[in-house]
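Enquirer: Dropping in model-v3.cif, with mmCIF, N, CA and C atoms.
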data_model
loop_
_atom_site.label_atom_id
_atom_site.label_comp_id
_atom_site.auth_asym_id
_atom_site.auth_seq_id
_atom_site.Cartn_x
_atom_site.Cartn_y
_atom_site.Cartn_z
N MET J 1 0.81 -1.19 0.00
CA MET J 1 0.00 0.00 0.00
C MET J 1 0.86 1.26 0.00
N ALA J 2 1.95 1.23 -0.73
CA ALA J 2 2.82 2.39 -0.82
C ALA J 2 2.13 3.58 -1.47
N TRP J 3 1.11 3.31 -2.28
CA TRP J 3 0.39 4.39 -2.95
C TRP J 3 -0.24 5.36 -1.96
N ARG J 4 -0.57 4.87 -0.77
CA ARG J 4 -1.21 5.73 0.24
C ARG J 4 -0.33 6.92 0.63
N GLY J 5 0.98 6.72 0.62
CA GLY J 5 1.89 7.80 0.98
C GLY J 5 2.22 8.72 -0.18
N GLN J 6 1.65 8.44 -1.35
CA GLN J 6 1.93 9.23 -2.55
C GLN J 6 0.70 10.01 -3.04
N LEU J 7 -0.37 10.03 -2.28
CA LEU J 7 -1.59 10.71 -2.72
C LEU J 7 -1.33 12.18 -3.04
N TYR J 8 -0.52 12.83 -2.23
CA TYR J 8 -0.27 14.26 -2.41
C TYR J 8 0.39 14.57 -3.76
N ARG J 9 1.02 13.60 -4.37
CA ARG J 9 1.69 13.83 -5.67
C ARG J 9 0.70 13.99 -6.81
N ASN J 10 -0.42 13.31 -6.72
CA ASN J 10 -1.39 13.30 -7.81
C ASN J 10 -2.68 14.06 -7.52
N LEU J 11 -3.00 14.24 -6.24
CA LEU J 11 -4.25 14.89 -5.87
C LEU J 11 -4.00 16.26 -5.26
N LYS J 12 -4.93 17.16 -5.50
CA LYS J 12 -4.90 18.47 -4.85
C LYS J 12 -5.84 18.51 -3.66
N GLU J 13 -6.85 17.62 -3.68
CA GLU J 13 -7.84 17.58 -2.60
C GLU J 13 -8.59 16.27 -2.68
N LEU J 14 -8.96 15.75 -1.53
CA LEU J 14 -9.77 14.54 -1.43
C LEU J 14 -10.98 14.87 -0.57
N ARG J 15 -12.18 14.54 -1.07
CA ARG J 15 -13.41 14.78 -0.31
C ARG J 15 -14.18 13.48 -0.16
N ILE J 16 -14.66 13.25 1.04
CA ILE J 16 -15.49 12.08 1.32
C ILE J 16 -16.81 12.61 1.86
N LEU J 17 -17.90 12.27 1.18
CA LEU J 17 -19.22 12.70 1.58
C LEU J 17 -20.02 11.49 2.03
N PHE J 18 -20.77 11.63 3.11
CA PHE J 18 -21.58 10.51 3.61
C PHE J 18 -22.63 11.01 4.58
N SER J 19 -23.59 10.15 4.86
CA SER J 19 -24.62 10.45 5.84
C SER J 19 -24.18 9.90 7.20
N PRO J 20 -24.33 10.70 8.26
CA PRO J 20 -23.86 10.24 9.57
C PRO J 20 -24.66 9.08 10.16
N ASN J 21 -25.87 8.84 9.65
CA ASN J 21 -26.67 7.77 10.26
C ASN J 21 -27.37 6.86 9.27
N SER J 22 -27.11 7.00 7.99
CA SER J 22 -27.73 6.15 6.97
C SER J 22 -27.01 4.80 6.89
N PRO J 23 -27.76 3.71 6.79
CA PRO J 23 -27.12 2.39 6.64
C PRO J 23 -26.26 2.28 5.38
N SER J 24 -26.62 3.02 4.33
CA SER J 24 -25.85 2.94 3.09
C SER J 24 -24.46 3.57 3.24
N SER J 25 -24.28 4.37 4.28
CA SER J 25 -22.98 5.01 4.52
C SER J 25 -22.15 4.31 5.59
N SER J 26 -22.61 3.19 6.09
CA SER J 26 -21.92 2.53 7.22
C SER J 26 -20.49 2.12 6.87
N SER J 27 -20.27 1.55 5.69
CA SER J 27 -18.90 1.15 5.35
C SER J 27 -18.01 2.36 5.08
N THR J 28 -18.59 3.46 4.60
CA THR J 28 -17.83 4.69 4.40
C THR J 28 -17.40 5.26 5.75
N ARG J 29 -18.32 5.25 6.72
CA ARG J 29 -17.97 5.72 8.07
C ARG J 29 -16.86 4.85 8.65
N ALA J 30 -16.97 3.53 8.48
CA ALA J 30 -15.93 2.62 8.98
C ALA J 30 -14.60 2.88 8.29
N PHE J 31 -14.63 3.14 6.97
CA PHE J 31 -13.40 3.44 6.24
C PHE J 31 -12.74 4.68 6.82
N ILE J 32 -13.51 5.71 7.08
CA ILE J 32 -12.96 6.95 7.65
C ILE J 32 -12.36 6.68 9.03
N GLU J 33 -13.10 5.99 9.87
CA GLU J 33 -12.63 5.70 11.23
C GLU J 33 -11.33 4.91 11.21
N ASN J 34 -11.20 3.99 10.27
CA ASN J 34 -10.04 3.09 10.24
C ASN J 34 -8.87 3.58 9.39
N ASN J 35 -9.10 4.56 8.52
CA ASN J 35 -8.06 4.94 7.57
C ASN J 35 -7.67 6.41 7.57
N TYR J 36 -8.51 7.29 8.10
CA TYR J 36 -8.21 8.72 8.03
C TYR J 36 -6.85 9.06 8.64
N LYS J 37 -6.60 8.58 9.83
CA LYS J 37 -5.35 8.92 10.52
C LYS J 37 -4.13 8.51 9.68
N ASP J 38 -4.14 7.31 9.14
CA ASP J 38 -3.03 6.83 8.32
C ASP J 38 -2.87 7.68 7.06
N LEU J 39 -3.97 7.96 6.37
CA LEU J 39 -3.91 8.77 5.15
C LEU J 39 -3.37 10.17 5.44
N LYS J 40 -3.85 10.78 6.51
CA LYS J 40 -3.43 12.14 6.84
C LYS J 40 -1.99 12.17 7.33
N THR J 41 -1.57 11.17 8.08
CA THR J 41 -0.18 11.10 8.55
C THR J 41 0.78 10.98 7.37
N LYS J 42 0.40 10.19 6.38
CA LYS J 42 1.27 9.99 5.21
C LYS J 42 1.18 11.12 4.19
N ASN J 43 0.14 11.94 4.28
CA ASN J 43 -0.08 13.04 3.34
C ASN J 43 -0.49 14.30 4.11
N PRO J 44 0.40 14.84 4.96
CA PRO J 44 0.00 15.92 5.85
C PRO J 44 -0.44 17.21 5.15
N ARG J 45 0.02 17.45 3.95
CA ARG J 45 -0.34 18.69 3.25
C ARG J 45 -1.52 18.53 2.31
N LEU J 46 -2.01 17.33 2.16
CA LEU J 46 -3.16 17.09 1.29
C LEU J 46 -4.45 17.38 2.06
N PRO J 47 -5.27 18.30 1.54
CA PRO J 47 -6.57 18.52 2.20
C PRO J 47 -7.46 17.29 2.03
N ILE J 48 -7.86 16.71 3.15
CA ILE J 48 -8.80 15.59 3.14
C ILE J 48 -10.04 16.09 3.86
N LEU J 49 -11.08 16.34 3.10
CA LEU J 49 -12.30 16.93 3.63
C LEU J 49 -13.35 15.86 3.88
N ILE J 50 -13.87 15.83 5.07
CA ILE J 50 -14.91 14.88 5.46
C ILE J 50 -16.20 15.68 5.60
N ARG J 51 -17.19 15.35 4.78
CA ARG J 51 -18.44 16.09 4.77
C ARG J 51 -19.61 15.17 5.11
N GLU J 52 -20.32 15.53 6.18
CA GLU J 52 -21.49 14.77 6.60
C GLU J 52 -22.74 15.55 6.23
N ALA J 53 -23.72 14.86 5.67
CA ALA J 53 -25.00 15.49 5.35
C ALA J 53 -26.08 14.41 5.41
N ASN J 54 -27.15 14.70 6.10
CA ASN J 54 -28.24 13.73 6.22
C ASN J 54 -28.82 13.41 4.85
N GLY J 55 -28.99 12.13 4.59
CA GLY J 55 -29.66 11.67 3.39
C GLY J 55 -28.80 11.63 2.13
N ILE J 56 -27.55 12.02 2.21
CA ILE J 56 -26.69 12.00 1.02
C ILE J 56 -26.13 10.59 0.83
N GLU J 57 -25.96 10.20 -0.43
CA GLU J 57 -25.34 8.90 -0.68
C GLU J 57 -23.83 9.06 -0.58
N PRO J 58 -23.14 8.03 -0.09
CA PRO J 58 -21.70 8.15 0.12
C PRO J 58 -20.95 8.30 -1.21
N GLN J 59 -19.99 9.23 -1.21
CA GLN J 59 -19.23 9.53 -2.41
C GLN J 59 -17.79 9.84 -2.05
N LEU J 60 -16.90 9.62 -3.00
CA LEU J 60 -15.48 9.94 -2.86
C LEU J 60 -15.11 10.80 -4.07
N TRP J 61 -14.57 11.99 -3.82
CA TRP J 61 -14.21 12.93 -4.88
C TRP J 61 -12.75 13.28 -4.78
N ALA J 62 -12.09 13.32 -5.92
CA ALA J 62 -10.69 13.72 -6.00
C ALA J 62 -10.59 14.92 -6.93
N ARG J 63 -9.83 15.93 -6.49
CA ARG J 63 -9.56 17.09 -7.34
C ARG J 63 -8.10 17.04 -7.75
N TYR J 64 -7.87 17.23 -9.05
CA TYR J 64 -6.53 17.16 -9.62
C TYR J 64 -6.11 18.56 -10.08
N ASP J 65 -5.00 18.63 -10.79
CA ASP J 65 -4.55 19.88 -11.39
C ASP J 65 -5.61 20.44 -12.34
N MET J 66 -5.55 21.74 -12.53
CA MET J 66 -6.42 22.43 -13.48
C MET J 66 -7.91 22.30 -13.13
N GLY J 67 -8.24 22.00 -11.87
CA GLY J 67 -9.62 21.93 -11.43
C GLY J 67 -10.38 20.70 -11.88
N VAL J 68 -9.70 19.73 -12.45
CA VAL J 68 -10.36 18.49 -12.89
C VAL J 68 -10.77 17.69 -11.65
N GLU J 69 -12.01 17.22 -11.65
CA GLU J 69 -12.52 16.42 -10.54
C GLU J 69 -13.11 15.11 -11.06
N ARG J 70 -12.94 14.08 -10.25
CA ARG J 70 -13.56 12.78 -10.54
C ARG J 70 -14.16 12.25 -9.25
N GLY J 71 -15.32 11.63 -9.37
CA GLY J 71 -16.00 11.10 -8.20
C GLY J 71 -16.46 9.68 -8.40
N ILE J 72 -16.63 9.00 -7.28
CA ILE J 72 -17.11 7.61 -7.28
C ILE J 72 -18.19 7.50 -6.20
N HIS J 73 -19.30 6.88 -6.56
CA HIS J 73 -20.34 6.61 -5.58
C HIS J 73 -19.95 5.36 -4.80
N LEU J 74 -20.06 5.41 -3.49
CA LEU J 74 -19.57 4.34 -2.63
C LEU J 74 -20.66 3.43 -2.07
N GLU J 75 -21.90 3.71 -2.40
CA GLU J 75 -22.99 2.91 -1.87
C GLU J 75 -22.83 1.45 -2.29
N GLY J 76 -22.90 0.54 -1.32
CA GLY J 76 -22.78 -0.88 -1.59
C GLY J 76 -21.35 -1.40 -1.59
N LEU J 77 -20.36 -0.51 -1.41
CA LEU J 77 -18.96 -0.95 -1.37
C LEU J 77 -18.53 -1.21 0.08
N ASN J 78 -17.65 -2.19 0.26
CA ASN J 78 -17.11 -2.42 1.60
C ASN J 78 -15.81 -1.60 1.75
N GLU J 79 -15.17 -1.68 2.89
CA GLU J 79 -13.96 -0.89 3.16
C GLU J 79 -12.85 -1.16 2.16
N ASP J 80 -12.63 -2.43 1.84
CA ASP J 80 -11.56 -2.78 0.88
C ASP J 80 -11.86 -2.21 -0.51
N GLN J 81 -13.11 -2.26 -0.90
CA GLN J 81 -13.48 -1.71 -2.21
C GLN J 81 -13.35 -0.19 -2.24
N ILE J 82 -13.63 0.46 -1.11
CA ILE J 82 -13.45 1.91 -1.03
C ILE J 82 -11.97 2.24 -1.14
N SER J 83 -11.13 1.47 -0.49
CA SER J 83 -9.69 1.67 -0.60
C SER J 83 -9.22 1.50 -2.04
N GLU J 84 -9.75 0.50 -2.74
CA GLU J 84 -9.41 0.29 -4.15
C GLU J 84 -9.89 1.47 -5.00
N ALA J 85 -11.06 2.00 -4.69
CA ALA J 85 -11.58 3.15 -5.43
C ALA J 85 -10.68 4.36 -5.24
N LEU J 86 -10.20 4.56 -4.01
CA LEU J 86 -9.28 5.65 -3.74
C LEU J 86 -7.98 5.47 -4.49
N GLU J 87 -7.47 4.26 -4.52
CA GLU J 87 -6.25 3.97 -5.27
C GLU J 87 -6.44 4.26 -6.76
N ASP J 88 -7.59 3.88 -7.30
CA ASP J 88 -7.88 4.16 -8.72
C ASP J 88 -7.93 5.66 -8.98
N LEU J 89 -8.54 6.42 -8.08
CA LEU J 89 -8.58 7.87 -8.25
C LEU J 89 -7.17 8.47 -8.19
N ALA J 90 -6.35 7.95 -7.29
CA ALA J 90 -4.97 8.46 -7.18
C ALA J 90 -4.19 8.15 -8.44
N LYS J 91 -4.36 6.96 -8.98
CA LYS J 91 -3.66 6.60 -10.23
C LYS J 91 -4.19 7.42 -11.40
N GLY J 92 -5.45 7.75 -11.36
CA GLY J 92 -6.03 8.59 -12.40
C GLY J 92 -5.39 9.96 -12.44
N GLY J 93 -4.98 10.46 -11.28
CA GLY J 93 -4.30 11.74 -11.22
C GLY J 93 -2.94 11.70 -11.89
N ALA J 94 -2.27 10.55 -11.81
CA ALA J 94 -0.97 10.41 -12.46
C ALA J 94 -1.13 10.47 -13.97
N SER J 95 -2.22 9.90 -14.49
CA SER J 95 -2.42 9.92 -15.94
C SER J 95 -2.81 11.32 -16.42
N ILE J 96 -3.44 12.11 -15.57
CA ILE J 96 -3.78 13.48 -15.94
C ILE J 96 -2.52 14.32 -16.03
N LYS J 97 -1.58 14.08 -15.12
CA LYS J 97 -0.32 14.82 -15.14
C LYS J 97 0.56 14.45 -16.32
N GLY J 98 0.48 13.18 -16.71
CA GLY J 98 1.38 12.65 -17.73
C GLY J 98 1.01 12.98 -19.13
#
Any chance you could put this one into C-alpha cells?

Expert:
Amino acid sequence: MAWRGQLYRNLKELRILFSPNSPSSSSTRAFIENNYKDLKTKNPRLPILIREANGIEPQLWARYDMGVERGIHLEGLNEDQISEALEDLAKGGASIKG
C-alpha cells in the first residue's frame, strides 16, 4: 500500500461525503474511522475533507490539477473496495499529469 503515501503527488484535494446515520454510509464511516489517521499522517499537506450530510449517498471525490474532478459513488462498497476506489482515483491523477 505504498500508494497511500503518494496521494499528495497526484491529488490536490480529497473529499469524502456521507450520511452520519444512513445504513448505506456505514462502510464509508468505517473506512474513515479506520483509515483517516493513516492517510493524513502519510499526506500531511493534502486537504482531506470529510463532509457529513443527512440523506446523502456516500461519495469519494478527488480534485486534480487544473480543477479536474472525478468522483465515485460508494454505496454498496465495503472498506476494501473503497480503498481500491481511492487507489484508482490516485492513479487517475498520475495519468492526468502525464

Enquirer: Counting all atoms listed in the file, which residue out of J:Arg70, J:Gln59, J:Gly92, J:Leu39 sits closest to J:Ser25?

Expert: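 Smallest separation from J:Ser25 among the options: J:Gln59.
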
Enquirer: Excluding J:Leu86 and its own-chain neighbours fewer than 6 positions away, which residues fall within 10 Å of it when counting only C-alpha atoms? Please give them as a list in words.

Expert: Trp3, Arg4, Leu7, Leu14, Leu60, Trp61, Ala62, Gly71, Ile72, Asp80 and Gly92 of chain J

Enquirer: Any chance you could work out the residue set of the PyMOL selection byres ((chain J and resi 55) around 6.5) here, as a list of chain:residue names?

Expert: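 When the PyMOL selection byres ((chain J and resi 55) around 6.5) is applied, the selected residues are J:Phe18, J:Ser19, J:Pro20, J:Ser22, J:Ala53, J:Asn54, J:Ile56, J:Glu57.
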
Enquirer: What is the distance, in Å and to one decimal place, between atom CA of J:Gly5 and atom CA of J:Ser24?

Expert: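 Separation of atom CA of J:Gly5 and atom CA of J:Ser24: 28.2 Å.
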
Enquirer: Using Å and a single decimal, report how far atom CA of J:Val68 sits from atom CA of J:Pro44.

Expert: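 Straight-line distance from atom CA of J:Pro44 to atom CA of J:Val68 works out to 21.6 Å.
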
Enquirer: Report, in Å with one decimal, the straight-line distance from atom N of J:His73 to atom C of J:Pro58.

Expert: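 Answer for the atom N of J:His73 to atom C of J:Pro58 separation: 5.8 Å.
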
Enquirer: Compute the distance from (-15.2, 15.3, 4.0) to each atom, counting only C-alpha atoms, keep the residues with any atom at most 9 Å away, and return them as a list of chain:residue names; use the coordinates of the file.

Expert: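 Counting only C-alpha atoms, I find these residues within 9 Å of (-15.2, 15.3, 4.0): J:Leu14, J:Arg15, J:Ile16, J:Leu17, J:Phe18, J:Ile48, J:Leu49, J:Ile50, J:Arg51, J:Glu52, J:Leu60.
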
Enquirer: Calculated over only N, CA and C atoms, which of the candidates J:Ala85, J:Leu77, J:Leu11, J:Ala90 has the smallest distance to J:Pro47?

Expert: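 Answer, going by the shortest atom-to-atom distance: J:Leu11.
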
Enquirer: Smallest atom-to-atom distance to J:Glu69: which of J:Glu33, J:Leu89, J:Arg45, J:Tyr8, using only C-alpha atoms?

Expert: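 So, comparing all the options, the nearest one is J:Leu89.
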
Enquirer: Please identify which residues in stretch 1-46 of chain J DSSP calls strand (DSSP E or B) from the backbone, and express them as a PyMOL selection string.

Expert: chain J and resi 13-18

Enquirer: Using the chain letters and numbers from this document, which residues of chain J does DSSP assign to alpha helix (DSSP H), as a PyMOL selection string?

Expert: chain J and resi 7-10+26-42+79-97

Enquirer: Keeping only N, CA and C atoms, write the selected residues as a compact mmCIF listing (two decimals), in the coordinates of the input.

Expert:
# COMPACT_ATOMS: atom_id res chain seq x y z
N LEU J 7 -0.37 10.03 -2.28
CA LEU J 7 -1.59 10.71 -2.72
C LEU J 7 -1.33 12.18 -3.04
N TYR J 8 -0.52 12.83 -2.23
CA TYR J 8 -0.27 14.26 -2.41
C TYR J 8 0.39 14.57 -3.76
N ARG J 9 1.02 13.60 -4.37
CA ARG J 9 1.69 13.83 -5.67
C ARG J 9 0.70 13.99 -6.81
N ASN J 10 -0.42 13.31 -6.72
CA ASN J 10 -1.39 13.30 -7.81
C ASN J 10 -2.68 14.06 -7.52
N SER J 26 -22.61 3.19 6.09
CA SER J 26 -21.92 2.53 7.22
C SER J 26 -20.49 2.12 6.87
N SER J 27 -20.27 1.55 5.69
CA SER J 27 -18.90 1.15 5.35
C SER J 27 -18.01 2.36 5.08
N THR J 28 -18.59 3.46 4.60
CA THR J 28 -17.83 4.69 4.40
C THR J 28 -17.40 5.26 5.75
N ARG J 29 -18.32 5.25 6.72
CA ARG J 29 -17.97 5.72 8.07
C ARG J 29 -16.86 4.85 8.65
N ALA J 30 -16.97 3.53 8.48
CA ALA J 30 -15.93 2.62 8.98
C ALA J 30 -14.60 2.88 8.29
N PHE J 31 -14.63 3.14 6.97
CA PHE J 31 -13.40 3.44 6.24
C PHE J 31 -12.74 4.68 6.82
N ILE J 32 -13.51 5.71 7.08
CA ILE J 32 -12.96 6.95 7.65
C ILE J 32 -12.36 6.68 9.03
N GLU J 33 -13.10 5.99 9.87
CA GLU J 33 -12.63 5.70 11.23
C GLU J 33 -11.33 4.91 11.21
N ASN J 34 -11.20 3.99 10.27
CA ASN J 34 -10.04 3.09 10.24
C ASN J 34 -8.87 3.58 9.39
N ASN J 35 -9.10 4.56 8.52
CA ASN J 35 -8.06 4.94 7.57
C ASN J 35 -7.67 6.41 7.57
N TYR J 36 -8.51 7.29 8.10
CA TYR J 36 -8.21 8.72 8.03
C TYR J 36 -6.85 9.06 8.64
N LYS J 37 -6.60 8.58 9.83
CA LYS J 37 -5.35 8.92 10.52
C LYS J 37 -4.13 8.51 9.68
N ASP J 38 -4.14 7.31 9.14
CA ASP J 38 -3.03 6.83 8.32
C ASP J 38 -2.87 7.68 7.06
N LEU J 39 -3.97 7.96 6.37
CA LEU J 39 -3.91 8.77 5.15
C LEU J 39 -3.37 10.17 5.44
N LYS J 40 -3.85 10.78 6.51
CA LYS J 40 -3.43 12.14 6.84
C LYS J 40 -1.99 12.17 7.33
N THR J 41 -1.57 11.17 8.08
CA THR J 41 -0.18 11.10 8.55
C THR J 41 0.78 10.98 7.37
N LYS J 42 0.40 10.19 6.38
CA LYS J 42 1.27 9.99 5.21
C LYS J 42 1.18 11.12 4.19
N GLU J 79 -15.17 -1.68 2.89
CA GLU J 79 -13.96 -0.89 3.16
C GLU J 79 -12.85 -1.16 2.16
N ASP J 80 -12.63 -2.43 1.84
CA ASP J 80 -11.56 -2.78 0.88
C ASP J 80 -11.86 -2.21 -0.51
N GLN J 81 -13.11 -2.26 -0.90
CA GLN J 81 -13.48 -1.71 -2.21
C GLN J 81 -13.35 -0.19 -2.24
N ILE J 82 -13.63 0.46 -1.11
CA ILE J 82 -13.45 1.91 -1.03
C ILE J 82 -11.97 2.24 -1.14
N SER J 83 -11.13 1.47 -0.49
CA SER J 83 -9.69 1.67 -0.60
C SER J 83 -9.22 1.50 -2.04
N GLU J 84 -9.75 0.50 -2.74
CA GLU J 84 -9.41 0.29 -4.15
C GLU J 84 -9.89 1.47 -5.00
N ALA J 85 -11.06 2.00 -4.69
CA ALA J 85 -11.58 3.15 -5.43
C ALA J 85 -10.68 4.36 -5.24
N LEU J 86 -10.20 4.56 -4.01
CA LEU J 86 -9.28 5.65 -3.74
C LEU J 86 -7.98 5.47 -4.49
N GLU J 87 -7.47 4.26 -4.52
CA GLU J 87 -6.25 3.97 -5.27
C GLU J 87 -6.44 4.26 -6.76
N ASP J 88 -7.59 3.88 -7.30
CA ASP J 88 -7.88 4.16 -8.72
C ASP J 88 -7.93 5.66 -8.98
N LEU J 89 -8.54 6.42 -8.08
CA LEU J 89 -8.58 7.87 -8.25
C LEU J 89 -7.17 8.47 -8.19
N ALA J 90 -6.35 7.95 -7.29
CA ALA J 90 -4.97 8.46 -7.18
C ALA J 90 -4.19 8.15 -8.44
N LYS J 91 -4.36 6.96 -8.98
CA LYS J 91 -3.66 6.60 -10.23
C LYS J 91 -4.19 7.42 -11.40
N GLY J 92 -5.45 7.75 -11.36
CA GLY J 92 -6.03 8.59 -12.40
C GLY J 92 -5.39 9.96 -12.44
N GLY J 93 -4.98 10.46 -11.28
CA GLY J 93 -4.30 11.74 -11.22
C GLY J 93 -2.94 11.70 -11.89
N ALA J 94 -2.27 10.55 -11.81
CA ALA J 94 -0.97 10.41 -12.46
C ALA J 94 -1.13 10.47 -13.97
N SER J 95 -2.22 9.90 -14.49
CA SER J 95 -2.42 9.92 -15.94
C SER J 95 -2.81 11.32 -16.42
N ILE J 96 -3.44 12.11 -15.57
CA ILE J 96 -3.78 13.48 -15.94
C ILE J 96 -2.52 14.32 -16.03
N LYS J 97 -1.58 14.08 -15.12
CA LYS J 97 -0.32 14.82 -15.14
C LYS J 97 0.56 14.45 -16.32

Enquirer: Would you mind telling me which residue in J:Thr28, J:Thr41, J:Leu46, J:Ser83 lies nearest to J:Lys12 when using all atoms listed in the file?

Expert: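 Checking each candidate against J:Lys12, we get J:Leu46 as the closest.
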
Enquirer: Taking into account all atoms listed in the file, which residue in the set J:Arg9, J:Lys91, J:Arg63, J:Arg29 is nearest to J:Asn43?

Expert: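 Closest candidate: J:Arg9.
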